[in-house]
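Undergrad: Handing over data31.txt, compact mmCIF, C-alpha atoms.
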# COMPACT_ATOMS: atom_id res chain seq x y z
CA MET Y 21 -2.16 21.79 6.38
CA LYS Y 22 -3.61 25.15 7.37
CA PHE Y 23 -6.86 25.48 5.39
CA CYS Y 24 -9.82 23.29 4.44
CA ASN Y 25 -9.58 22.18 0.81
CA GLN Y 26 -13.38 22.09 0.56
CA CYS Y 27 -14.32 25.57 1.83
CA GLY Y 28 -11.04 27.47 2.37
CA SER Y 29 -11.57 28.08 6.11
CA PRO Y 30 -8.81 27.45 8.68
CA VAL Y 31 -8.42 23.92 10.05
CA THR Y 32 -7.76 22.95 13.66
CA TRP Y 33 -5.91 19.89 15.01
CA GLN Y 34 -8.36 17.97 17.16
CA THR Y 35 -9.73 14.51 17.80
CA PRO Y 36 -13.09 14.19 16.05
CA ARG Y 37 -16.03 12.68 17.91
CA ASP Y 38 -16.02 8.85 17.65
CA ASP Y 39 -12.35 8.91 16.64
CA ASN Y 40 -9.27 7.96 18.65
CA ARG Y 41 -6.59 10.27 17.24
CA PRO Y 42 -6.26 13.92 16.22
CA ARG Y 43 -6.97 15.03 12.64
CA PHE Y 44 -7.15 18.30 10.79
CA VAL Y 45 -10.80 19.38 11.07
CA CYS Y 46 -12.36 22.36 9.30
CA SER Y 47 -13.49 25.06 11.72
CA SER Y 48 -16.35 25.98 9.40
CA CYS Y 49 -17.71 23.01 7.39
CA LEU Y 50 -16.35 20.40 9.86
CA THR Y 51 -14.78 18.28 7.10
CA ILE Y 52 -12.23 15.85 8.58
CA HIS Y 53 -9.00 15.75 6.56
CA TYR Y 54 -7.43 12.30 6.91
CA GLN Y 55 -3.74 11.78 6.19
CA ASN Y 56 -2.59 8.29 5.31
CA PRO Y 57 0.52 6.41 4.16
CA LEU Y 58 1.63 6.56 0.53
CA ILE Y 59 2.66 3.62 -1.62
CA VAL Y 60 5.95 3.74 -3.52
CA ALA Y 61 6.06 1.04 -6.22
CA GLY Y 62 9.32 -0.13 -7.74
CA CYS Y 63 10.93 -2.85 -9.79
CA VAL Y 64 14.02 -5.03 -9.99
CA PRO Y 65 14.44 -5.10 -13.80
CA VAL Y 66 16.39 -8.26 -14.66
CA TRP Y 67 18.32 -8.92 -17.86
CA GLY Y 68 20.25 -12.18 -17.76
CA GLU Y 69 22.67 -11.89 -14.85
CA SER Y 70 22.24 -8.13 -14.57
CA VAL Y 71 19.83 -5.66 -12.99
CA LEU Y 72 19.03 -2.20 -14.28
CA LEU Y 73 19.72 0.79 -12.02
CA CYS Y 74 19.15 4.52 -12.46
CA ARG Y 75 21.31 7.36 -11.18
CA ARG Y 76 18.98 10.01 -9.80
CA ALA Y 77 18.75 13.40 -11.53
CA ILE Y 78 16.49 14.81 -8.80
CA GLU Y 79 16.53 15.32 -5.06
CA PRO Y 80 16.49 13.64 -2.67
CA ARG Y 81 19.73 11.74 -3.22
CA LEU Y 82 20.63 13.34 -6.52
CA GLY Y 83 23.52 11.44 -8.11
CA PHE Y 84 22.90 8.22 -6.18
CA TRP Y 85 21.80 4.92 -7.73
CA THR Y 86 18.30 3.53 -7.31
CA LEU Y 87 15.94 0.90 -8.62
CA PRO Y 88 13.15 2.42 -10.72
CA ALA Y 89 10.44 3.41 -8.21
CA GLY Y 90 7.98 6.15 -7.46
CA PHE Y 91 4.64 7.10 -5.99
CA MET Y 92 1.71 4.95 -7.08
CA GLU Y 93 -0.96 7.01 -8.85
CA ASN Y 94 -4.74 6.85 -8.58
CA GLY Y 95 -6.29 4.54 -11.16
CA GLU Y 96 -3.44 2.06 -11.46
CA THR Y 97 -2.46 -1.22 -9.81
CA MET Y 98 0.78 -1.63 -7.86
CA GLU Y 99 2.16 -3.73 -10.72
CA GLN Y 100 1.19 -1.09 -13.30
CA ALA Y 101 2.85 1.57 -11.14
CA ALA Y 102 6.09 -0.43 -10.97
CA ALA Y 103 6.09 -0.97 -14.74
CA ARG Y 104 5.30 2.71 -15.41
CA GLU Y 105 8.14 3.90 -13.19
CA THR Y 106 10.54 1.53 -14.95
CA LEU Y 107 9.48 2.96 -18.29
CA GLU Y 108 9.62 6.59 -17.13
CA GLU Y 109 12.94 6.42 -15.28
CA ALA Y 110 14.80 3.76 -17.24
CA GLY Y 111 13.09 3.70 -20.64
CA ALA Y 112 12.58 -0.05 -20.30
CA HIS Y 113 9.46 -2.14 -20.94
CA VAL Y 114 9.56 -4.65 -18.11
CA GLN Y 115 7.53 -7.89 -18.32
CA GLN Y 116 6.45 -10.85 -16.17
CA LEU Y 117 6.28 -8.83 -12.98
CA ASN Y 118 6.05 -10.74 -9.70
CA LEU Y 119 5.35 -9.23 -6.30
CA TYR Y 120 8.51 -9.52 -4.23
CA LEU Y 121 9.17 -7.21 -1.23
CA LEU Y 122 7.00 -4.94 0.91
CA PHE Y 123 8.73 -2.55 3.27
CA ASP Y 124 6.87 -0.55 5.92
CA LEU Y 125 8.47 2.84 6.60
CA PRO Y 126 6.20 4.10 9.41
CA HIS Y 127 8.54 6.98 10.28
CA ILE Y 128 7.90 8.60 6.89
CA HIS Y 129 4.36 7.26 6.31
CA GLN Y 130 5.25 5.14 3.31
CA VAL Y 131 5.05 1.56 2.10
CA HIS Y 132 7.57 0.53 -0.57
CA VAL Y 133 6.48 -2.35 -2.79
CA PHE Y 134 9.00 -3.99 -5.15
CA PHE Y 135 8.28 -6.38 -8.01
CA ARG Y 136 10.75 -8.53 -9.91
CA GLY Y 137 10.48 -8.07 -13.66
CA GLN Y 138 12.13 -9.34 -16.80
CA LEU Y 139 13.52 -7.13 -19.56
CA PRO Y 140 12.63 -8.61 -22.97
CA ASP Y 141 15.84 -7.14 -24.41
CA ALA Y 142 18.71 -4.87 -23.39
CA GLN Y 143 16.82 -1.77 -24.52
CA TYR Y 144 16.74 1.08 -22.04
CA ALA Y 145 17.17 4.84 -22.00
CA VAL Y 146 17.85 7.72 -19.63
CA GLY Y 147 14.52 9.05 -18.34
CA ALA Y 148 13.84 12.65 -17.31
CA GLU Y 149 14.49 11.91 -13.64
CA SER Y 150 17.71 9.98 -14.29
CA LEU Y 151 21.29 11.06 -15.03
CA GLU Y 152 22.36 7.62 -16.16
CA VAL Y 153 20.82 4.15 -16.58
CA LYS Y 154 22.99 1.07 -16.56
CA LEU Y 155 22.96 -2.73 -16.23
CA PHE Y 156 25.01 -4.04 -13.31
CA ASN Y 157 26.23 -7.51 -12.49
CA GLN Y 158 26.22 -8.38 -8.80
CA GLU Y 159 29.93 -7.73 -8.40
CA ASP Y 160 29.62 -4.25 -9.91
CA ILE Y 161 26.69 -2.91 -7.84
CA PRO Y 162 27.72 0.52 -6.41
CA TRP Y 163 26.80 -0.46 -2.83
CA GLY Y 164 28.29 2.72 -1.38
CA GLU Y 165 26.32 4.94 -3.74
CA LEU Y 166 22.78 3.57 -3.41
CA ALA Y 167 20.03 6.13 -2.90
CA PHE Y 168 17.74 4.60 -0.27
CA PRO Y 169 17.77 1.87 2.40
CA THR Y 170 15.03 -0.02 0.54
CA THR Y 171 17.15 0.05 -2.64
CA ARG Y 172 19.95 -1.71 -0.75
CA HIS Y 173 17.68 -4.18 1.07
CA THR Y 174 15.94 -5.13 -2.17
CA LEU Y 175 19.20 -5.78 -4.02
CA GLU Y 176 20.60 -7.76 -1.06
CA TYR Y 177 17.48 -9.98 -0.95
CA PHE Y 178 17.49 -10.39 -4.71
CA PHE Y 179 21.06 -11.66 -4.97
CA MET Y 180 20.59 -13.88 -1.90
CA ASP Y 181 17.35 -15.38 -3.24
CA ARG Y 182 18.81 -15.82 -6.71
CA VAL Y 183 21.30 -18.36 -5.40
CA ARG Y 184 18.39 -20.65 -4.46
CA GLN Y 185 16.16 -19.48 -7.30
CA ALA Y 186 13.38 -18.95 -4.74
CA TYR Y 187 11.93 -15.50 -4.15
CA PRO Y 188 9.51 -15.55 -1.22
CA VAL Y 189 7.33 -12.46 -0.75
CA ARG Y 190 8.55 -10.65 2.36
CA ASN Y 191 7.07 -7.87 4.46
CA GLU Y 192 9.46 -6.00 6.75
CA SER Y 193 9.46 -2.81 8.71
CA ILE Y 194 12.34 -0.42 8.14
CA ALA Y 195 13.27 1.54 11.24
CA ALA Y 196 14.19 5.19 11.05
CA LEU Y 197 17.75 4.49 9.98
CA SER Y 198 18.07 7.24 7.49
CA SER Y 199 16.73 10.63 6.60
CA ASN Y 200 17.03 9.81 2.91
CA ARG Y 201 13.33 9.74 2.38
CA LEU Y 202 11.69 9.51 -1.00
CA GLN Y 203 9.62 12.65 -0.99
CA GLN Y 204 6.70 13.59 -3.13
CA ASP Y 205 7.59 17.05 -4.26
CA MET P 13 -10.77 19.76 -3.70
CA LYS P 14 -11.51 23.45 -4.24
CA PHE P 15 -8.96 25.30 -2.12
CA CYS P 16 -5.25 25.08 -1.33
CA ASN P 17 -4.70 23.62 2.16
CA GLN P 18 -1.49 25.67 2.50
CA CYS P 19 -2.72 29.17 1.68
CA GLY P 20 -6.53 28.92 1.24
CA SER P 21 -6.57 30.19 -2.38
CA PRO P 22 -8.59 28.41 -5.09
CA VAL P 23 -6.95 25.46 -6.87
CA THR P 24 -7.08 24.72 -10.59
CA TRP P 25 -6.95 21.32 -12.34
CA GLN P 26 -3.93 21.39 -14.63
CA THR P 27 -0.86 19.42 -15.62
CA PRO P 28 2.17 20.84 -13.80
CA ARG P 29 5.38 21.48 -15.73
CA ASP P 30 7.53 18.34 -15.92
CA ASP P 31 4.52 16.18 -15.04
CA ASN P 32 2.43 13.89 -17.25
CA ARG P 33 -1.02 14.11 -15.67
CA PRO P 34 -3.33 16.78 -14.25
CA ARG P 35 -3.23 17.66 -10.55
CA PHE P 36 -4.85 20.24 -8.32
CA VAL P 37 -2.46 23.22 -8.33
CA CYS P 38 -2.80 26.32 -6.18
CA SER P 39 -3.48 29.45 -8.22
CA SER P 40 -1.55 31.55 -5.71
CA CYS P 41 1.31 29.68 -3.99
CA LEU P 42 1.56 27.05 -6.81
CA THR P 43 1.57 24.09 -4.38
CA ILE P 44 0.78 20.85 -6.21
CA HIS P 45 -1.75 18.70 -4.34
CA TYR P 46 -1.10 15.04 -5.15
CA GLN P 47 -3.82 12.44 -4.63
CA ASN P 48 -2.75 8.85 -4.21
CA PRO P 49 -4.21 5.42 -3.40
CA LEU P 50 -5.08 4.49 0.17
CA ILE P 51 -4.19 1.26 1.94
CA VAL P 52 -6.89 -0.72 3.72
CA ALA P 53 -5.36 -3.30 6.08
CA GLY P 54 -7.33 -6.26 7.34
CA CYS P 55 -7.05 -9.64 8.99
CA VAL P 56 -8.37 -13.19 8.83
CA PRO P 57 -8.52 -13.93 12.59
CA VAL P 58 -8.31 -17.71 13.00
CA TRP P 59 -9.42 -19.70 16.05
CA GLY P 60 -9.17 -23.44 15.50
CA GLU P 61 -11.41 -24.25 12.55
CA SER P 62 -13.20 -20.89 12.72
CA VAL P 63 -12.68 -17.33 11.52
CA LEU P 64 -13.93 -14.19 13.23
CA LEU P 65 -16.27 -11.89 11.31
CA CYS P 66 -17.90 -8.57 12.20
CA ARG P 67 -21.33 -7.33 11.17
CA ARG P 68 -20.96 -3.69 10.19
CA ALA P 69 -22.61 -0.98 12.30
CA ILE P 70 -21.64 1.76 9.84
CA GLU P 71 -22.11 2.59 6.19
CA PRO P 72 -21.20 1.53 3.62
CA ARG P 73 -22.76 -1.94 3.82
CA LEU P 74 -24.30 -1.51 7.25
CA GLY P 75 -25.56 -4.88 8.51
CA PHE P 76 -23.28 -6.94 6.25
CA TRP P 77 -20.47 -9.20 7.46
CA THR P 78 -16.82 -8.30 7.00
CA LEU P 79 -13.35 -9.27 8.09
CA PRO P 80 -11.82 -6.69 10.45
CA ALA P 81 -10.24 -4.07 8.16
CA GLY P 82 -9.79 -0.36 7.83
CA PHE P 83 -7.63 2.47 6.61
CA MET P 84 -3.96 2.26 7.54
CA GLU P 85 -2.86 5.25 9.64
CA ASN P 86 0.34 7.28 9.47
CA GLY P 87 3.01 5.98 11.83
CA GLU P 88 2.07 2.31 11.74
CA THR P 89 3.06 -0.73 9.70
CA MET P 90 0.55 -2.68 7.60
CA GLU P 91 0.70 -5.50 10.13
CA GLN P 92 0.09 -3.11 13.03
CA ALA P 93 -2.85 -1.61 11.13
CA ALA P 94 -4.39 -5.06 10.61
CA ALA P 95 -3.95 -5.93 14.31
CA ARG P 96 -5.35 -2.58 15.42
CA GLU P 97 -8.44 -2.94 13.25
CA THR P 98 -9.01 -6.43 14.64
CA LEU P 99 -8.86 -5.06 18.16
CA GLU P 100 -11.05 -2.05 17.41
CA GLU P 101 -13.75 -3.83 15.44
CA ALA P 102 -13.72 -7.28 17.00
CA GLY P 103 -12.15 -6.75 20.43
CA ALA P 104 -9.61 -9.48 19.68
CA HIS P 105 -5.84 -9.50 20.18
CA VAL P 106 -4.60 -11.28 17.08
CA GLN P 107 -1.09 -12.79 17.00
CA GLN P 108 1.39 -14.36 14.57
CA LEU P 109 0.28 -12.25 11.63
CA ASN P 110 1.42 -13.30 8.17
CA LEU P 111 1.03 -11.28 4.99
CA TYR P 112 -1.49 -13.08 2.79
CA LEU P 113 -3.44 -11.22 0.07
CA LEU P 114 -3.01 -7.90 -1.72
CA PHE P 115 -5.87 -6.65 -3.85
CA ASP P 116 -5.57 -3.67 -6.18
CA LEU P 117 -8.82 -1.73 -6.53
CA PRO P 118 -7.75 0.91 -9.07
CA HIS P 119 -11.36 2.03 -9.72
CA ILE P 120 -11.63 3.33 -6.14
CA HIS P 121 -7.94 4.18 -5.59
CA GLN P 122 -7.36 1.60 -2.88
CA VAL P 123 -5.11 -1.36 -2.09
CA HIS P 124 -6.53 -3.92 0.34
CA VAL P 125 -3.92 -5.92 2.27
CA PHE P 126 -4.98 -8.93 4.33
CA PHE P 127 -2.94 -10.81 6.91
CA ARG P 128 -3.69 -14.20 8.46
CA GLY P 129 -3.59 -14.07 12.25
CA GLN P 130 -4.12 -16.42 15.18
CA LEU P 131 -6.41 -15.71 18.10
CA PRO P 132 -4.73 -16.81 21.35
CA ASP P 133 -8.15 -17.60 22.85
CA ALA P 134 -11.83 -17.24 21.99
CA GLN P 135 -11.99 -13.78 23.52
CA TYR P 136 -13.63 -11.12 21.40
CA ALA P 137 -16.11 -8.28 21.78
CA VAL P 138 -18.37 -6.05 19.73
CA GLY P 139 -16.42 -2.93 18.70
CA ALA P 140 -17.94 0.50 18.14
CA GLU P 141 -18.18 -0.04 14.37
CA SER P 142 -19.73 -3.53 14.69
CA LEU P 143 -23.26 -4.74 15.42
CA GLU P 144 -22.16 -8.28 16.11
CA VAL P 145 -18.91 -10.28 16.18
CA LYS P 146 -18.95 -14.03 15.72
CA LEU P 147 -16.80 -17.06 14.96
CA PHE P 148 -17.83 -18.96 11.84
CA ASN P 149 -16.91 -22.39 10.59
CA GLN P 150 -16.54 -22.65 6.82
CA GLU P 151 -19.99 -24.19 6.35
CA ASP P 152 -21.65 -21.35 8.27
CA ILE P 153 -20.08 -18.37 6.48
CA PRO P 154 -22.90 -16.01 5.42
CA TRP P 155 -21.72 -15.86 1.79
CA GLY P 156 -24.78 -13.94 0.66
CA GLU P 157 -24.34 -11.27 3.32
CA LEU P 158 -20.65 -10.35 2.97
CA ALA P 159 -19.86 -6.66 2.86
CA PHE P 160 -17.20 -6.31 0.16
CA PRO P 161 -15.78 -8.25 -2.80
CA THR P 162 -12.39 -8.46 -1.08
CA THR P 163 -14.06 -9.98 2.01
CA ARG P 164 -15.44 -12.76 -0.16
CA HIS P 165 -12.25 -13.30 -2.18
CA THR P 166 -10.15 -13.46 1.00
CA LEU P 167 -12.41 -16.05 2.63
CA GLU P 168 -12.54 -18.11 -0.58
CA TYR P 169 -8.75 -18.15 -0.83
CA PHE P 170 -8.37 -18.90 2.87
CA PHE P 171 -10.59 -22.01 2.83
CA MET P 172 -9.06 -23.18 -0.45
CA ASP P 173 -5.50 -22.74 0.81
CA ARG P 174 -6.31 -24.31 4.17
CA VAL P 175 -6.99 -27.65 2.48
CA ARG P 176 -3.34 -27.76 1.37
CA GLN P 177 -2.03 -25.88 4.42
CA ALA P 178 -0.15 -23.59 2.05
CA TYR P 179 -0.92 -19.89 1.91
CA PRO P 180 1.00 -18.22 -0.93
CA VAL P 181 1.03 -14.41 -0.94
CA ARG P 182 -1.12 -13.26 -3.86
CA ASN P 183 -1.53 -9.90 -5.58
CA GLU P 184 -4.65 -9.48 -7.72
CA SER P 185 -6.53 -6.64 -9.31
CA ILE P 186 -10.21 -6.41 -8.56
CA ALA P 187 -12.20 -4.99 -11.46
CA ALA P 188 -15.00 -2.53 -10.90
CA LEU P 189 -17.50 -5.27 -10.04
CA SER P 190 -19.22 -3.46 -7.26
CA SER P 191 -20.00 -0.04 -5.96
CA ASN P 192 -19.64 -1.28 -2.38
CA ARG P 193 -16.56 0.73 -1.73
CA LEU P 194 -14.98 1.09 1.66
CA GLN P 195 -15.02 4.85 2.07
CA GLN P 196 -13.07 7.01 4.43
CA ASP P 197 -15.70 9.31 5.81
Let me see the structure of the file written as structure tokens.
TA:
Amino acid sequence: MKFCNQCGSPVTWQTPRDDNRPRFVCSSCLTIHYQNPLIVAGCVPVWGESVLLCRRAIEPRLGFWTLPAGFMENGETMEQAAARETLEEAGAHVQQLNLYLLFDLPHIHQVHVFFRGQLPDAQYAVGAESLEVKLFNQEDIPWGELAFPTTRHTLEYFFMDRVRQAYPVRNESIAALSSNRLQQD
Amino acid sequence: MKFCNQCGSPVTWQTPRDDNRPRFVCSSCLTIHYQNPLIVAGCVPVWGESVLLCRRAIEPRLGFWTLPAGFMENGETMEQAAARETLEEAGAHVQQLNLYLLFDLPHIHQVHVFFRGQLPDAQYAVGAESLEVKLFNQEDIPWGELAFPTTRHTLEYFFMDRVRQAYPVRNESIAALSSNRLQQD
């Protein structure tokens, strides 16, 4: 950030009065420009014994497999965001969504929220951001070709929890293991 | 938003190519300026039979009672944000935090995340954004003077769940019931 989005003047990096950390502050109109973590909402779309994965048609991690997920938009709920991403990336209308996993990624200023969801049928399609969309049984998951650490963690938890048919909501912090960040660009 | 924070040129409100909704786009360098929901992280600080509330010293809802909560910052986890807010607003070092409630507030582009936490002692203090900080038993909660709908919902769930000593993680959408939004400025 170099300029104030309210008045167009240059910003400086300084700690505002009554604050405890530096922010971008406008040199002219004094607007403080806060920067805060983004929410990525995703889904584990389940059809019988299978889950639906997408092979990414865009960077980062083009060609790698992911669960449908993307940046939550203004005006929607986390659940709506997860369902929208599943429709956009995998052409599937997911139902009965249940909150499942919340990953903190403080090193990239993101929170990834995954829901479990049921597919009402085996209907799906390749979305604009996908090269391929496919149902996988557990034994066929392409573990070596998954796009993001939270994709892998989510699938690992899902298959572990499925054995007991109990899916507790978990919140975990992901350390800076990987530079494969989901970027908003 | 009126100006590009990268180059200072005016922005226009238009749907970028390959996108499905309007964004602010720079007329000169073509940077797309995404706007996304913010996370507010808060805590139910528990000491024996009591919970710790703060009376707000700032707008919105100056003078009303709230649970410690505020905007999550870059570089921290949701749990760290909830603990930090409890320290800043109530001078209390909360421990053993457990994820508890997630409220979607799509009408104001926020997600409110509350943790339950234990106070190791009855030590607390009035933070800079508080007029007063006080432990309340259930029968003394100032229900008519609570600051935000999510404050009230969280306390209602907490006392209800405490009867059974079971605190399931819930995700609910809060409709536009109130204009008492927690604003970042």
Undergrad: If you take all atoms listed in the file and a cut-off of 12 Å, which residues of range 91-139 of chain P touch range 165-186 of chain P, and what are their nearest atom pairs and distances in Å to one decimal, in chain and number order, as a tab-separated table?
TA:
residue	atom	partner	partner_atom	distance
P:Asn110	CA	P:Val181	CA	9.2
P:Leu111	CA	P:Val181	CA	6.7
P:Tyr112	CA	P:Val181	CA	4.7
P:Leu113	CA	P:Arg182	CA	5.0
P:Leu114	CA	P:Asn183	CA	4.6
P:Phe115	CA	P:Glu184	CA	4.9
P:Asp116	CA	P:Ser185	CA	4.4
P:Leu117	CA	P:Ile186	CA	5.3
P:Pro118	CA	P:Ser185	CA	7.7
P:His119	CA	P:Ile186	CA	8.6
P:Ile120	CA	P:Ile186	CA	10.1
P:His121	CA	P:Ile186	CA	11.2
P:Gln122	CA	P:Ile186	CA	10.2
P:Val123	CA	P:Ser185	CA	9.1
P:His124	CA	P:Asn183	CA	9.8
P:Val125	CA	P:Asn183	CA	9.1
P:Phe126	CA	P:Thr166	CA	7.6
P:Phe127	CA	P:Val181	CA	9.5
P:Arg128	CA	P:Phe170	CA	8.7
P:Gly129	CA	P:Phe170	CA	11.6
Undergrad: Excluding range 68-79 of chain Y and residues on its chain fewer than 4 positions from it, collect all residues at most 6 Å away from it, counting all atoms listed in the file, and give them as a list in words.
TA: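 Using all atoms listed in the file, the neighbours found are Gly83, Phe84, Trp85, Thr86, Leu87, Glu149, Ser150, Leu151, Glu152, Val153, Lys154, Leu155, Phe156 and Asn157 of chain Y.
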Undergrad: Near chain Y, meaning an atom within 6 Å, which residues of chain P appear when counting all atoms listed in the file? Write them as a PDB file with C-alpha atoms, in the frame of the given file.
TA:
ATOM      1  CA  MET P  13     -10.770  19.760  -3.700  1.00  0.00           C
ATOM      2  CA  LYS P  14     -11.510  23.450  -4.240  1.00  0.00           C
ATOM      3  CA  PHE P  15      -8.960  25.300  -2.120  1.00  0.00           C
ATOM      4  CA  CYS P  16      -5.250  25.080  -1.330  1.00  0.00           C
ATOM      5  CA  ASN P  17      -4.700  23.620   2.160  1.00  0.00           C
ATOM      6  CA  GLN P  18      -1.490  25.670   2.500  1.00  0.00           C
ATOM      7  CA  GLY P  20      -6.530  28.920   1.240  1.00  0.00           C
ATOM      8  CA  ASN P  48      -2.750   8.850  -4.210  1.00  0.00           C
ATOM      9  CA  PRO P  49      -4.210   5.420  -3.400  1.00  0.00           C
ATOM     10  CA  GLU P  85      -2.860   5.250   9.640  1.00  0.00           C
ATOM     11  CA  ASN P  86       0.340   7.280   9.470  1.00  0.00           C
ATOM     12  CA  GLY P  87       3.010   5.980  11.830  1.00  0.00           C
ATOM     13  CA  GLU P  88       2.070   2.310  11.740  1.00  0.00           C
ATOM     14  CA  THR P  89       3.060  -0.730   9.700  1.00  0.00           C
ATOM     15  CA  ASP P 116      -5.570  -3.670  -6.180  1.00  0.00           C
ATOM     16  CA  PRO P 118      -7.750   0.910  -9.070  1.00  0.00           C
ATOM     17  CA  HIS P 119     -11.360   2.030  -9.720  1.00  0.00           C
ATOM     18  CA  HIS P 121      -7.940   4.180  -5.590  1.00  0.00           C
TER      19      HIS P 121
END
Undergrad: Tell me, in Å to one decimal, how far CA of Ala81 in chain P is from CA of Ala102 in chain P.
TA: 10.0 Å
Undergrad: Using Å and a single decimal, report how far CA of Gln138 in chain Y sits from CA of Gln116 in chain Y.
TA: 5.9 Å
Undergrad: Separation of CA of Gly147 in chain Y and CA of Pro88 in chain Y, in Å?
TA: 10.2 Å
Undergrad: Find the residue from Y:Val60, Y:Ala102, Y:Val66, Y:Ala112 that sits nearest to Val146 in chain Y; use all atoms listed in the file when measuring.
TA: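 Checking each candidate against Val146 in chain Y, we get Y:Ala112 as the closest.
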Undergrad: Taking the block above, write range 30-60 of chain Y with C-alpha atoms as a short mmCIF file (atom, residue, chain, number, x, y, z; two decimals), in the first residue's frame.
TA:
data_model
loop_
_atom_site.label_atom_id
_atom_site.label_comp_id
_atom_site.auth_asym_id
_atom_site.auth_seq_id
_atom_site.Cartn_x
_atom_site.Cartn_y
_atom_site.Cartn_z
CA PRO Y 30 0.76 9.00 0.14
CA VAL Y 31 0.48 6.81 3.24
CA THR Y 32 3.11 6.37 5.94
CA TRP Y 33 3.76 3.34 8.17
CA GLN Y 34 3.31 4.47 11.76
CA THR Y 35 1.63 3.56 15.02
CA PRO Y 36 -1.53 5.66 15.37
CA ARG Y 37 -2.26 7.38 18.67
CA ASP Y 38 -4.08 5.01 21.08
CA ASP Y 39 -2.96 2.01 19.03
CA ASN Y 40 -0.29 -0.59 19.80
CA ARG Y 41 0.99 -1.53 16.34
CA PRO Y 42 1.95 0.23 13.10
CA ARG Y 43 -0.62 0.79 10.35
CA PHE Y 44 -0.72 2.57 7.03
CA VAL Y 45 -1.89 6.11 7.85
CA CYS Y 46 -2.74 8.80 5.30
CA SER Y 47 -0.35 11.74 5.44
CA SER Y 48 -3.14 14.10 4.41
CA CYS Y 49 -6.60 12.99 5.64
CA LEU Y 50 -5.17 10.81 8.47
CA THR Y 51 -7.35 7.81 7.56
CA ILE Y 52 -5.98 4.64 9.18
CA HIS Y 53 -5.90 1.69 6.75
CA TYR Y 54 -6.31 -1.53 8.72
CA GLN Y 55 -5.20 -4.85 7.22
CA ASN Y 56 -6.77 -8.01 8.59
CA PRO Y 57 -6.85 -11.77 7.96
CA LEU Y 58 -8.95 -13.20 5.14
CA ILE Y 59 -11.29 -16.17 5.37
CA VAL Y 60 -11.00 -18.99 2.84
#
